[in-house]
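**Q** Next up is a structure, given as structure tokens.
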Amino acid sequence: MLQRRSECLMEFCDKCGAMMVPTTEDDGSRVLKCRSCGHTKKIKGRLTVSQNIEKTPRDKIIVVEDDSIPMPVTKETCPKCGNTDAYYWTLQTRRGDEGATEFYRCTECKHTWRRY
Ligand SMILES: [Zn+2]
Ligand SMILES: [Zn+2]
């Protein structure tokens, strides 16, 4: 069965239209926070986080299932099928001293991988 899903992190603020980033509140709930005005909204079912957060925080991958947002494509070779086009996005980890992690997703086989 063909999967029609794309993964990406982009959400936009209802108030000012700036890009929102996923963040974790003090109570552990996941929200999206506007970088510009600080407006937050609850993450709904579309956003899922892999469940290995306790063990390896840096393995957490945030996935938004939404076909409506175009993903930037870069020249990156897929380690699985050898295709040279991949969608990419970055994710700033919760700890400020760690750099942003780059994620890639093959445009052909949908294999997703990351680079530190
Ligand atoms: Zn805003
Ligand atoms: Zn591939």
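Just remember, in the structure tokens the first chain shown is A, the second B, etc., residues are 1-based per chain, and ligands are 1-based in the order shown.
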Taking only residues of chain A that have an atom at most 7 Å from an atom of ligand 1, what is each one's shortest atom pair and its distance in Å to one decimal, using only C-alpha atoms and all ligand atoms, in chain and number order, as a tab-separated table?
**A**
```
residue	atom	partner	partner_atom_place_in_ligand_line	distance
A:Cys13	CA	ligand 1	1 (Zn)	4.7
A:Asp14	CA	ligand 1	1 (Zn)	6.7
A:Lys15	CA	ligand 1	1 (Zn)	5.0
A:Cys16	CA	ligand 1	1 (Zn)	4.1
A:Gly17	CA	ligand 1	1 (Zn)	5.9
A:Ala18	CA	ligand 1	1 (Zn)	5.4
A:Cys34	CA	ligand 1	1 (Zn)	4.7
A:Arg35	CA	ligand 1	1 (Zn)	6.6
A:Ser36	CA	ligand 1	1 (Zn)	5.0
A:Cys37	CA	ligand 1	1 (Zn)	4.1
A:Gly38	CA	ligand 1	1 (Zn)	5.9
A:His39	CA	ligand 1	1 (Zn)	5.2
```
**Q** Produce as a PyMOL selection string the set of residues near ligand 2, where near means within 9 Å with only C-alpha atoms and all ligand atoms considered.
**A** chain A and resi 77-86+105-112
**Q** Could those selected residues go to a file with C-alpha atoms, as a PDB file, in the first residue's frame?
**A**
```pdb
ATOM      1  CA  THR A  77      21.851  10.477  -1.099  1.00  0.00           C
ATOM      2  CA  CYS A  78      19.425   8.054   0.454  1.00  0.00           C
ATOM      3  CA  PRO A  79      21.332   5.338   2.338  1.00  0.00           C
ATOM      4  CA  LYS A  80      18.602   2.876   1.530  1.00  0.00           C
ATOM      5  CA  CYS A  81      17.841   3.225  -2.171  1.00  0.00           C
ATOM      6  CA  GLY A  82      20.533   5.591  -3.450  1.00  0.00           C
ATOM      7  CA  ASN A  83      18.116   8.273  -4.605  1.00  0.00           C
ATOM      8  CA  THR A  84      19.802  11.675  -4.539  1.00  0.00           C
ATOM      9  CA  ASP A  85      16.856  13.889  -3.605  1.00  0.00           C
ATOM     10  CA  ALA A  86      15.685  14.156  -0.034  1.00  0.00           C
ATOM     11  CA  ARG A 105      13.596  11.953   4.025  1.00  0.00           C
ATOM     12  CA  CYS A 106      14.044  10.206   0.717  1.00  0.00           C
ATOM     13  CA  THR A 107      11.649  11.498  -1.931  1.00  0.00           C
ATOM     14  CA  GLU A 108      11.420   8.013  -3.411  1.00  0.00           C
ATOM     15  CA  CYS A 109      11.308   5.357  -0.720  1.00  0.00           C
ATOM     16  CA  LYS A 110      10.355   7.684   2.177  1.00  0.00           C
ATOM     17  CA  HIS A 111      13.257   6.411   4.244  1.00  0.00           C
ATOM     18  CA  THR A 112      14.007   8.961   6.970  1.00  0.00           C
TER      19      THR A 112
END
```
**Q** Between CA of Ser29 (chain A) and CA of Glu11 (chain A), what is the distance, to one decimal in Å?
**A**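 Pair CA of Ser29 (chain A) / CA of Glu11 (chain A) returns 17.2 Å.
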**Q** Separation of CA of Val73 (chain A) and CA of Lys42 (chain A), in Å?
**A**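 Going from CA of Val73 (chain A) over to CA of Lys42 (chain A) covers 28.3 Å.
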**Q** Could you state the separation of CA of Thr74 (chain A) and CA of Ile43 (chain A) in Å, given to one decimal place?
**A** 27.8 Å
**Q** Within 8 Å of Tyr104 (chain A), counting only C-alpha atoms, which residues show up once you throw out same-chain ones fewer than 5 positions away? Write them as an MDAnalysis selection string, please.
**A** chainID A and resid 76 86:89 112:114
**Q** Now that the selection is made, can you save its residues with C-alpha atoms as a short mmCIF file (atom, residue, chain, number, x, y, z; two decimals), in the first residue's frame?
**A**
```
data_model
loop_
_atom_site.label_atom_id
_atom_site.label_comp_id
_atom_site.auth_asym_id
_atom_site.auth_seq_id
_atom_site.Cartn_x
_atom_site.Cartn_y
_atom_site.Cartn_z
CA GLU A 76 21.33 14.10 -0.27
CA ALA A 86 15.69 14.16 -0.03
CA TYR A 87 13.34 16.40 1.89
CA TYR A 88 15.06 18.01 4.81
CA TRP A 89 14.24 19.88 7.98
CA THR A 112 14.01 8.96 6.97
CA TRP A 113 17.38 9.51 8.58
CA ARG A 114 19.22 12.21 10.44
#
```
